[in-house]
>>> print(open('model-v7.txt').read())   # compact mmCIF, N, CA and C atoms
# COMPACT_ATOMS: atom_id res chain seq x y z
N MET A 19 101.38 136.53 108.09
CA MET A 19 100.20 136.68 107.25
C MET A 19 100.40 136.02 105.89
N LYS A 20 101.59 136.20 105.31
CA LYS A 20 101.87 135.59 104.01
C LYS A 20 101.85 134.07 104.12
N THR A 21 102.33 133.56 105.25
CA THR A 21 102.35 132.11 105.45
C THR A 21 100.93 131.56 105.49
N ALA A 22 100.02 132.23 106.17
CA ALA A 22 98.62 131.78 106.25
C ALA A 22 97.98 131.80 104.86
N ALA A 23 98.26 132.82 104.09
CA ALA A 23 97.71 132.91 102.74
C ALA A 23 98.28 131.79 101.85
N LEU A 24 99.54 131.49 102.03
CA LEU A 24 100.18 130.42 101.25
C LEU A 24 99.59 129.06 101.64
N ILE A 25 99.38 128.85 102.92
CA ILE A 25 98.79 127.59 103.39
C ILE A 25 97.36 127.45 102.86
N THR A 26 96.59 128.53 102.89
CA THR A 26 95.22 128.51 102.38
C THR A 26 95.20 128.23 100.89
N ALA A 27 96.09 128.86 100.15
CA ALA A 27 96.15 128.65 98.71
C ALA A 27 96.55 127.21 98.39
N THR A 28 97.49 126.68 99.14
CA THR A 28 97.92 125.29 98.94
C THR A 28 96.78 124.32 99.24
N ALA A 29 96.04 124.57 100.31
CA ALA A 29 94.91 123.72 100.67
C ALA A 29 93.84 123.77 99.58
N CYS A 30 93.56 124.95 99.05
CA CYS A 30 92.57 125.09 97.98
C CYS A 30 93.00 124.32 96.73
N LEU A 31 94.27 124.41 96.39
CA LEU A 31 94.78 123.68 95.22
C LEU A 31 94.69 122.17 95.44
N ALA A 32 94.96 121.71 96.66
CA ALA A 32 94.88 120.28 96.95
C ALA A 32 93.45 119.78 96.81
N VAL A 33 92.49 120.55 97.31
CA VAL A 33 91.08 120.17 97.19
C VAL A 33 90.67 120.17 95.72
N LEU A 34 91.06 121.18 95.00
CA LEU A 34 90.73 121.26 93.57
C LEU A 34 91.33 120.09 92.81
N TYR A 35 92.56 119.71 93.13
CA TYR A 35 93.18 118.57 92.49
C TYR A 35 92.38 117.29 92.75
N CYS A 36 91.99 117.08 94.00
CA CYS A 36 91.23 115.87 94.36
C CYS A 36 89.90 115.83 93.61
N VAL A 37 89.23 116.96 93.51
CA VAL A 37 87.94 117.01 92.81
C VAL A 37 88.13 116.73 91.33
N CYS A 38 89.15 117.32 90.73
CA CYS A 38 89.38 117.14 89.29
C CYS A 38 89.96 115.78 88.96
N ALA A 39 90.75 115.20 89.86
CA ALA A 39 91.40 113.92 89.59
C ALA A 39 90.41 112.76 89.71
N SER A 40 89.37 112.92 90.49
CA SER A 40 88.40 111.84 90.68
C SER A 40 87.27 112.00 89.67
N PRO A 41 87.03 110.97 88.87
CA PRO A 41 85.92 111.08 87.93
C PRO A 41 84.59 111.16 88.68
N ILE A 42 83.68 111.87 88.10
CA ILE A 42 82.35 112.00 88.71
C ILE A 42 81.62 110.69 88.51
N LEU A 43 81.09 110.16 89.59
CA LEU A 43 80.37 108.90 89.54
C LEU A 43 78.88 109.17 89.40
N THR A 44 78.25 108.42 88.52
CA THR A 44 76.82 108.58 88.30
C THR A 44 76.07 107.42 88.96
N GLU A 45 74.75 107.54 88.99
CA GLU A 45 73.93 106.44 89.50
C GLU A 45 74.10 105.21 88.62
N GLU A 46 74.28 105.43 87.32
CA GLU A 46 74.50 104.33 86.38
C GLU A 46 75.80 103.60 86.70
N ASP A 47 76.86 104.36 87.06
CA ASP A 47 78.13 103.75 87.45
C ASP A 47 77.95 102.86 88.67
N GLU A 48 77.25 103.37 89.66
CA GLU A 48 77.06 102.61 90.89
C GLU A 48 76.17 101.39 90.65
N PHE A 49 75.16 101.53 89.79
CA PHE A 49 74.30 100.39 89.46
C PHE A 49 75.11 99.30 88.76
N ALA A 50 75.97 99.69 87.81
CA ALA A 50 76.81 98.72 87.10
C ALA A 50 77.74 98.02 88.08
N PHE A 51 78.28 98.78 89.03
CA PHE A 51 79.18 98.21 90.03
C PHE A 51 78.44 97.22 90.93
N LYS A 52 77.26 97.60 91.40
CA LYS A 52 76.49 96.71 92.27
C LYS A 52 76.07 95.44 91.51
N THR A 53 75.72 95.58 90.24
CA THR A 53 75.37 94.41 89.43
C THR A 53 76.59 93.51 89.29
N TRP A 54 77.73 94.09 88.99
CA TRP A 54 78.97 93.34 88.86
C TRP A 54 79.33 92.66 90.18
N MET A 55 79.18 93.38 91.30
CA MET A 55 79.45 92.80 92.62
C MET A 55 78.59 91.56 92.85
N SER A 56 77.32 91.65 92.50
CA SER A 56 76.41 90.53 92.67
C SER A 56 76.82 89.34 91.81
N GLU A 57 77.18 89.60 90.56
CA GLU A 57 77.59 88.54 89.64
C GLU A 57 78.85 87.83 90.09
N HIS A 58 79.74 88.56 90.76
CA HIS A 58 81.03 88.00 91.17
C HIS A 58 81.11 87.76 92.68
N ASN A 59 79.97 87.86 93.36
CA ASN A 59 79.88 87.60 94.80
C ASN A 59 80.94 88.39 95.59
N LYS A 60 81.04 89.67 95.30
CA LYS A 60 82.00 90.54 95.98
C LYS A 60 81.32 91.29 97.10
N LYS A 61 82.04 91.45 98.22
CA LYS A 61 81.54 92.21 99.36
C LYS A 61 82.70 93.06 99.88
N TYR A 62 82.39 94.28 100.28
CA TYR A 62 83.42 95.20 100.76
C TYR A 62 82.96 95.87 102.04
N SER A 63 83.94 96.32 102.83
CA SER A 63 83.63 97.17 103.97
C SER A 63 83.18 98.52 103.41
N PRO A 64 82.48 99.33 104.22
CA PRO A 64 82.05 100.65 103.71
C PRO A 64 83.21 101.50 103.20
N ASP A 65 84.37 101.45 103.86
CA ASP A 65 85.51 102.24 103.40
C ASP A 65 86.05 101.74 102.06
N GLU A 66 86.17 100.42 101.92
CA GLU A 66 86.72 99.86 100.69
C GLU A 66 85.75 99.97 99.52
N TYR A 67 84.45 99.98 99.81
CA TYR A 67 83.43 100.03 98.77
C TYR A 67 83.67 101.20 97.81
N TYR A 68 83.88 102.39 98.33
CA TYR A 68 84.03 103.57 97.47
C TYR A 68 85.35 103.55 96.70
N GLN A 69 86.38 102.98 97.30
CA GLN A 69 87.65 102.84 96.59
C GLN A 69 87.48 101.88 95.42
N ARG A 70 86.83 100.74 95.66
CA ARG A 70 86.63 99.73 94.60
C ARG A 70 85.66 100.25 93.54
N LEU A 71 84.65 101.01 93.94
CA LEU A 71 83.73 101.62 92.99
C LEU A 71 84.49 102.54 92.05
N GLN A 72 85.38 103.33 92.59
CA GLN A 72 86.18 104.26 91.79
C GLN A 72 87.05 103.50 90.78
N ILE A 73 87.74 102.48 91.25
CA ILE A 73 88.61 101.68 90.37
C ILE A 73 87.79 100.99 89.30
N PHE A 74 86.68 100.36 89.71
CA PHE A 74 85.80 99.67 88.77
C PHE A 74 85.32 100.63 87.68
N THR A 75 84.90 101.81 88.09
CA THR A 75 84.36 102.80 87.14
C THR A 75 85.44 103.22 86.15
N GLU A 76 86.65 103.47 86.63
CA GLU A 76 87.75 103.84 85.73
C GLU A 76 88.04 102.70 84.74
N ASN A 77 88.06 101.46 85.24
CA ASN A 77 88.30 100.32 84.36
C ASN A 77 87.18 100.17 83.34
N LYS A 78 85.94 100.31 83.78
CA LYS A 78 84.79 100.18 82.88
C LYS A 78 84.82 101.26 81.80
N ARG A 79 85.18 102.48 82.16
CA ARG A 79 85.26 103.56 81.17
C ARG A 79 86.36 103.29 80.16
N ARG A 80 87.48 102.73 80.63
CA ARG A 80 88.58 102.37 79.72
C ARG A 80 88.11 101.29 78.75
N ILE A 81 87.38 100.31 79.26
CA ILE A 81 86.84 99.23 78.42
C ILE A 81 85.85 99.79 77.41
N ASP A 82 84.93 100.62 77.87
CA ASP A 82 83.92 101.21 76.97
C ASP A 82 84.57 102.05 75.88
N HIS A 83 85.61 102.82 76.25
CA HIS A 83 86.32 103.66 75.28
C HIS A 83 87.00 102.77 74.22
N HIS A 84 87.64 101.72 74.67
CA HIS A 84 88.29 100.79 73.73
C HIS A 84 87.26 100.18 72.78
N ASN A 85 86.17 99.68 73.34
CA ASN A 85 85.15 98.99 72.54
C ASN A 85 84.43 99.92 71.57
N ALA A 86 84.45 101.23 71.83
CA ALA A 86 83.83 102.19 70.92
C ALA A 86 84.67 102.40 69.66
N GLY A 87 85.95 102.02 69.74
CA GLY A 87 86.84 102.17 68.59
C GLY A 87 86.74 100.95 67.68
N SER A 88 87.49 101.00 66.61
CA SER A 88 87.48 99.87 65.67
C SER A 88 88.77 99.07 65.89
N HIS A 89 88.68 98.12 66.79
CA HIS A 89 89.81 97.26 67.12
C HIS A 89 89.50 95.84 66.70
N THR A 90 90.52 95.01 66.66
CA THR A 90 90.33 93.62 66.27
C THR A 90 89.87 92.75 67.45
N PHE A 91 89.80 93.33 68.64
CA PHE A 91 89.32 92.59 69.80
C PHE A 91 88.49 93.50 70.69
N ARG A 92 87.65 92.88 71.49
CA ARG A 92 86.81 93.62 72.43
C ARG A 92 87.28 93.32 73.84
N MET A 93 87.11 94.28 74.71
CA MET A 93 87.44 94.09 76.12
C MET A 93 86.14 93.92 76.89
N GLY A 94 86.23 93.36 78.10
CA GLY A 94 85.04 93.18 78.91
C GLY A 94 85.37 93.14 80.39
N LEU A 95 84.35 93.25 81.19
CA LEU A 95 84.50 93.16 82.64
C LEU A 95 84.75 91.71 83.03
N ASN A 96 85.51 91.51 84.09
CA ASN A 96 85.72 90.17 84.63
C ASN A 96 85.89 90.26 86.15
N GLN A 97 86.29 89.18 86.77
CA GLN A 97 86.39 89.15 88.23
C GLN A 97 87.47 90.07 88.78
N PHE A 98 88.32 90.61 87.93
CA PHE A 98 89.40 91.49 88.36
C PHE A 98 89.10 92.97 88.11
N SER A 99 87.90 93.29 87.71
CA SER A 99 87.56 94.66 87.30
C SER A 99 87.57 95.66 88.44
N ASP A 100 87.70 95.20 89.67
CA ASP A 100 87.77 96.12 90.81
C ASP A 100 89.21 96.34 91.27
N MET A 101 90.17 95.89 90.46
CA MET A 101 91.58 96.00 90.82
C MET A 101 92.31 96.94 89.87
N THR A 102 93.30 97.64 90.42
CA THR A 102 94.20 98.41 89.56
C THR A 102 95.16 97.41 88.90
N PHE A 103 95.84 97.85 87.84
CA PHE A 103 96.80 96.96 87.22
C PHE A 103 97.93 96.62 88.19
N ALA A 104 98.33 97.59 89.02
CA ALA A 104 99.40 97.33 89.99
C ALA A 104 98.98 96.24 90.98
N GLU A 105 97.73 96.28 91.43
CA GLU A 105 97.24 95.23 92.34
C GLU A 105 97.20 93.88 91.63
N PHE A 106 96.70 93.86 90.41
CA PHE A 106 96.62 92.62 89.65
C PHE A 106 98.02 92.04 89.44
N LYS A 107 98.95 92.89 89.06
CA LYS A 107 100.32 92.46 88.83
C LYS A 107 100.93 91.88 90.10
N LYS A 108 100.71 92.55 91.21
CA LYS A 108 101.27 92.11 92.50
C LYS A 108 100.74 90.73 92.90
N HIS A 109 99.46 90.48 92.68
CA HIS A 109 98.83 89.25 93.15
C HIS A 109 98.87 88.09 92.16
N TYR A 110 98.89 88.38 90.86
CA TYR A 110 98.69 87.32 89.88
C TYR A 110 99.80 87.13 88.86
N LEU A 111 100.65 88.11 88.65
CA LEU A 111 101.69 87.96 87.64
C LEU A 111 102.99 87.50 88.30
N MET A 112 103.87 86.96 87.50
CA MET A 112 105.13 86.41 88.02
C MET A 112 105.96 87.51 88.69
N LYS A 113 106.55 87.17 89.82
CA LYS A 113 107.34 88.14 90.57
C LYS A 113 108.81 88.12 90.16
N GLN A 114 109.24 87.06 89.53
CA GLN A 114 110.64 87.00 89.10
C GLN A 114 110.72 86.67 87.62
N THR A 115 111.85 86.95 87.04
CA THR A 115 112.04 86.70 85.62
C THR A 115 112.11 85.19 85.39
N PRO A 116 111.32 84.69 84.45
CA PRO A 116 111.35 83.25 84.19
C PRO A 116 112.69 82.82 83.58
N ILE A 117 113.05 81.58 83.81
CA ILE A 117 114.27 81.04 83.22
C ILE A 117 113.97 80.68 81.77
N THR A 118 114.81 81.14 80.88
CA THR A 118 114.61 80.87 79.46
C THR A 118 115.54 79.74 79.02
N CYS A 119 115.26 79.18 77.91
CA CYS A 119 116.11 78.12 77.35
C CYS A 119 117.53 78.65 77.15
N HIS A 120 117.64 79.90 76.72
CA HIS A 120 118.94 80.51 76.46
C HIS A 120 119.78 80.55 77.73
N SER A 121 119.19 80.95 78.84
CA SER A 121 119.94 81.04 80.09
C SER A 121 120.30 79.65 80.62
N MET A 122 119.51 78.63 80.31
CA MET A 122 119.81 77.25 80.73
C MET A 122 121.04 76.74 79.99
N THR A 123 121.15 77.02 78.69
CA THR A 123 122.30 76.54 77.91
C THR A 123 123.57 77.24 78.34
N GLU A 124 123.47 78.50 78.78
CA GLU A 124 124.66 79.22 79.26
C GLU A 124 125.17 78.59 80.54
N LYS A 125 124.29 78.14 81.43
CA LYS A 125 124.70 77.55 82.70
C LYS A 125 125.36 76.18 82.48
N GLN A 126 124.93 75.46 81.45
CA GLN A 126 125.49 74.13 81.19
C GLN A 126 126.86 74.20 80.55
N SER A 127 127.23 75.30 79.94
CA SER A 127 128.51 75.43 79.22
C SER A 127 129.67 75.54 80.18
>>> encode(input="model-v7.txt", output="structure tokens")
Amino acid sequence: MKTAALITATACLAVLYCVCASPILTEEDEFAFKTWMSEHNKKYSPDEYYQRLQIFTENKRRIDHHNAGSHTFRMGLNQFSDMTFAEFKKHYLMKQTPITCHSMTEKQS
């Protein structure tokens, strides 16, 4: 009996975590995403659509929060706004450490 109660409590906490961890999406969020998709000619499967919508919304909120402050630069949406930083890093940033002038002179010595 205690095991069933523990399993039920764990399941309830997992559901609560998922609900609280996911930002609430509004019609405005989805409209902004669909507009962005159209501008960047993006298409997704039904399963991927909601994942990309979630990521896009989180990125857009981060951008809006930054732009509401007094910074020396503004952020904006671009063709990568549906990607997490980890995805962007994996696909577009260097995978290995670049060779520096310092390391070249050490090899020649």
>>> residues_around(input="model-v7.txt", residues="Asp47 in chain A", least_positions_apart="4", cutoff="8 Å", atoms="only N, CA and C atoms", output="list in words")
Ile42, Leu43, Phe51, Lys52, Thr53, Leu71, Phe74 and Thr75 of chain A
>>> closest_residue(input="model-v7.txt", among="A:Ser56, A:Gln97, A:Thr102, A:Ser63", to="Glu76 in chain A", atoms="only C-alpha atoms")
A:Thr102
>>> atom_distance(input="model-v7.txt", atom1="atom N of Arg79 in chain A", atom2="CA of Asp65 in chain A")
21.2 Å
>>> atom_distance(input="model-v7.txt", atom1="atom N of Asn77 in chain A", atom2="atom N of Thr115 in chain A")
27.9 Å
>>> atom_distance(input="model-v7.txt", atom1="atom N of Gly94 in chain A", atom2="atom N of Phe106 in chain A")
16.2 Å
>>> residues_around(input="model-v7.txt", residues="Lys78 in chain A", least_positions_apart="6", cutoff="10 Å", atoms="only C-alpha atoms", output="ChimeraX atom specification")
/A:47,50-51,72,84,93-95,99-100
>>> build_atoms(input="model-v7.txt", residues="range 46-66 of chain A", atoms="N, CA, C and O atoms", output="PDB file, in the frame of the given file")
ATOM      1  N   GLU A  46      74.280 105.430  87.320  1.00  0.00           N
ATOM      2  CA  GLU A  46      74.500 104.330  86.380  1.00  0.00           C
ATOM      3  C   GLU A  46      75.800 103.600  86.700  1.00  0.00           C
ATOM      4  O   GLU A  46      75.864 102.362  86.640  1.00  0.00           O
ATOM      5  N   ASP A  47      76.860 104.360  87.060  1.00  0.00           N
ATOM      6  CA  ASP A  47      78.130 103.750  87.450  1.00  0.00           C
ATOM      7  C   ASP A  47      77.950 102.860  88.670  1.00  0.00           C
ATOM      8  O   ASP A  47      78.427 101.723  88.709  1.00  0.00           O
ATOM      9  N   GLU A  48      77.250 103.370  89.660  1.00  0.00           N
ATOM     10  CA  GLU A  48      77.060 102.610  90.890  1.00  0.00           C
ATOM     11  C   GLU A  48      76.170 101.390  90.650  1.00  0.00           C
ATOM     12  O   GLU A  48      76.411 100.323  91.192  1.00  0.00           O
ATOM     13  N   PHE A  49      75.160 101.530  89.790  1.00  0.00           N
ATOM     14  CA  PHE A  49      74.300 100.390  89.460  1.00  0.00           C
ATOM     15  C   PHE A  49      75.110  99.300  88.760  1.00  0.00           C
ATOM     16  O   PHE A  49      74.984  98.113  89.074  1.00  0.00           O
ATOM     17  N   ALA A  50      75.970  99.690  87.810  1.00  0.00           N
ATOM     18  CA  ALA A  50      76.810  98.720  87.100  1.00  0.00           C
ATOM     19  C   ALA A  50      77.740  98.020  88.080  1.00  0.00           C
ATOM     20  O   ALA A  50      77.948  96.804  88.004  1.00  0.00           O
ATOM     21  N   PHE A  51      78.280  98.780  89.030  1.00  0.00           N
ATOM     22  CA  PHE A  51      79.180  98.210  90.030  1.00  0.00           C
ATOM     23  C   PHE A  51      78.440  97.220  90.930  1.00  0.00           C
ATOM     24  O   PHE A  51      78.930  96.110  91.184  1.00  0.00           O
ATOM     25  N   LYS A  52      77.260  97.600  91.400  1.00  0.00           N
ATOM     26  CA  LYS A  52      76.490  96.710  92.270  1.00  0.00           C
ATOM     27  C   LYS A  52      76.070  95.440  91.510  1.00  0.00           C
ATOM     28  O   LYS A  52      76.080  94.342  92.085  1.00  0.00           O
ATOM     29  N   THR A  53      75.720  95.580  90.240  1.00  0.00           N
ATOM     30  CA  THR A  53      75.370  94.410  89.430  1.00  0.00           C
ATOM     31  C   THR A  53      76.590  93.510  89.290  1.00  0.00           C
ATOM     32  O   THR A  53      76.494  92.281  89.459  1.00  0.00           O
ATOM     33  N   TRP A  54      77.730  94.090  88.990  1.00  0.00           N
ATOM     34  CA  TRP A  54      78.970  93.340  88.860  1.00  0.00           C
ATOM     35  C   TRP A  54      79.330  92.660  90.180  1.00  0.00           C
ATOM     36  O   TRP A  54      79.733  91.490  90.195  1.00  0.00           O
ATOM     37  N   MET A  55      79.180  93.380  91.300  1.00  0.00           N
ATOM     38  CA  MET A  55      79.450  92.800  92.620  1.00  0.00           C
ATOM     39  C   MET A  55      78.590  91.560  92.850  1.00  0.00           C
ATOM     40  O   MET A  55      79.080  90.538  93.347  1.00  0.00           O
ATOM     41  N   SER A  56      77.320  91.650  92.500  1.00  0.00           N
ATOM     42  CA  SER A  56      76.410  90.530  92.670  1.00  0.00           C
ATOM     43  C   SER A  56      76.820  89.340  91.810  1.00  0.00           C
ATOM     44  O   SER A  56      76.831  88.191  92.268  1.00  0.00           O
ATOM     45  N   GLU A  57      77.180  89.600  90.560  1.00  0.00           N
ATOM     46  CA  GLU A  57      77.590  88.540  89.640  1.00  0.00           C
ATOM     47  C   GLU A  57      78.850  87.830  90.090  1.00  0.00           C
ATOM     48  O   GLU A  57      79.035  86.642  89.836  1.00  0.00           O
ATOM     49  N   HIS A  58      79.740  88.560  90.760  1.00  0.00           N
ATOM     50  CA  HIS A  58      81.030  88.000  91.170  1.00  0.00           C
ATOM     51  C   HIS A  58      81.110  87.760  92.680  1.00  0.00           C
ATOM     52  O   HIS A  58      82.201  87.485  93.197  1.00  0.00           O
ATOM     53  N   ASN A  59      79.970  87.860  93.360  1.00  0.00           N
ATOM     54  CA  ASN A  59      79.880  87.600  94.800  1.00  0.00           C
ATOM     55  C   ASN A  59      80.940  88.390  95.590  1.00  0.00           C
ATOM     56  O   ASN A  59      81.643  87.835  96.430  1.00  0.00           O
ATOM     57  N   LYS A  60      81.040  89.670  95.300  1.00  0.00           N
ATOM     58  CA  LYS A  60      82.000  90.540  95.980  1.00  0.00           C
ATOM     59  C   LYS A  60      81.320  91.290  97.100  1.00  0.00           C
ATOM     60  O   LYS A  60      80.184  91.739  96.966  1.00  0.00           O
ATOM     61  N   LYS A  61      82.040  91.450  98.220  1.00  0.00           N
ATOM     62  CA  LYS A  61      81.540  92.210  99.360  1.00  0.00           C
ATOM     63  C   LYS A  61      82.700  93.060  99.880  1.00  0.00           C
ATOM     64  O   LYS A  61      83.835  92.609  99.910  1.00  0.00           O
ATOM     65  N   TYR A  62      82.390  94.280 100.280  1.00  0.00           N
ATOM     66  CA  TYR A  62      83.420  95.200 100.760  1.00  0.00           C
ATOM     67  C   TYR A  62      82.960  95.870 102.040  1.00  0.00           C
ATOM     68  O   TYR A  62      81.764  96.036 102.278  1.00  0.00           O
ATOM     69  N   SER A  63      83.940  96.320 102.830  1.00  0.00           N
ATOM     70  CA  SER A  63      83.630  97.170 103.970  1.00  0.00           C
ATOM     71  C   SER A  63      83.180  98.520 103.410  1.00  0.00           C
ATOM     72  O   SER A  63      83.465  98.843 102.251  1.00  0.00           O
ATOM     73  N   PRO A  64      82.480  99.330 104.220  1.00  0.00           N
ATOM     74  CA  PRO A  64      82.050 100.650 103.710  1.00  0.00           C
ATOM     75  C   PRO A  64      83.210 101.500 103.200  1.00  0.00           C
ATOM     76  O   PRO A  64      83.079 102.174 102.184  1.00  0.00           O
ATOM     77  N   ASP A  65      84.370 101.450 103.860  1.00  0.00           N
ATOM     78  CA  ASP A  65      85.510 102.240 103.400  1.00  0.00           C
ATOM     79  C   ASP A  65      86.050 101.740 102.060  1.00  0.00           C
ATOM     80  O   ASP A  65      86.332 102.517 101.165  1.00  0.00           O
ATOM     81  N   GLU A  66      86.170 100.420 101.920  1.00  0.00           N
ATOM     82  CA  GLU A  66      86.720  99.860 100.690  1.00  0.00           C
ATOM     83  C   GLU A  66      85.750  99.970  99.520  1.00  0.00           C
ATOM     84  O   GLU A  66      86.159 100.072  98.371  1.00  0.00           O
TER      85      GLU A  66
END
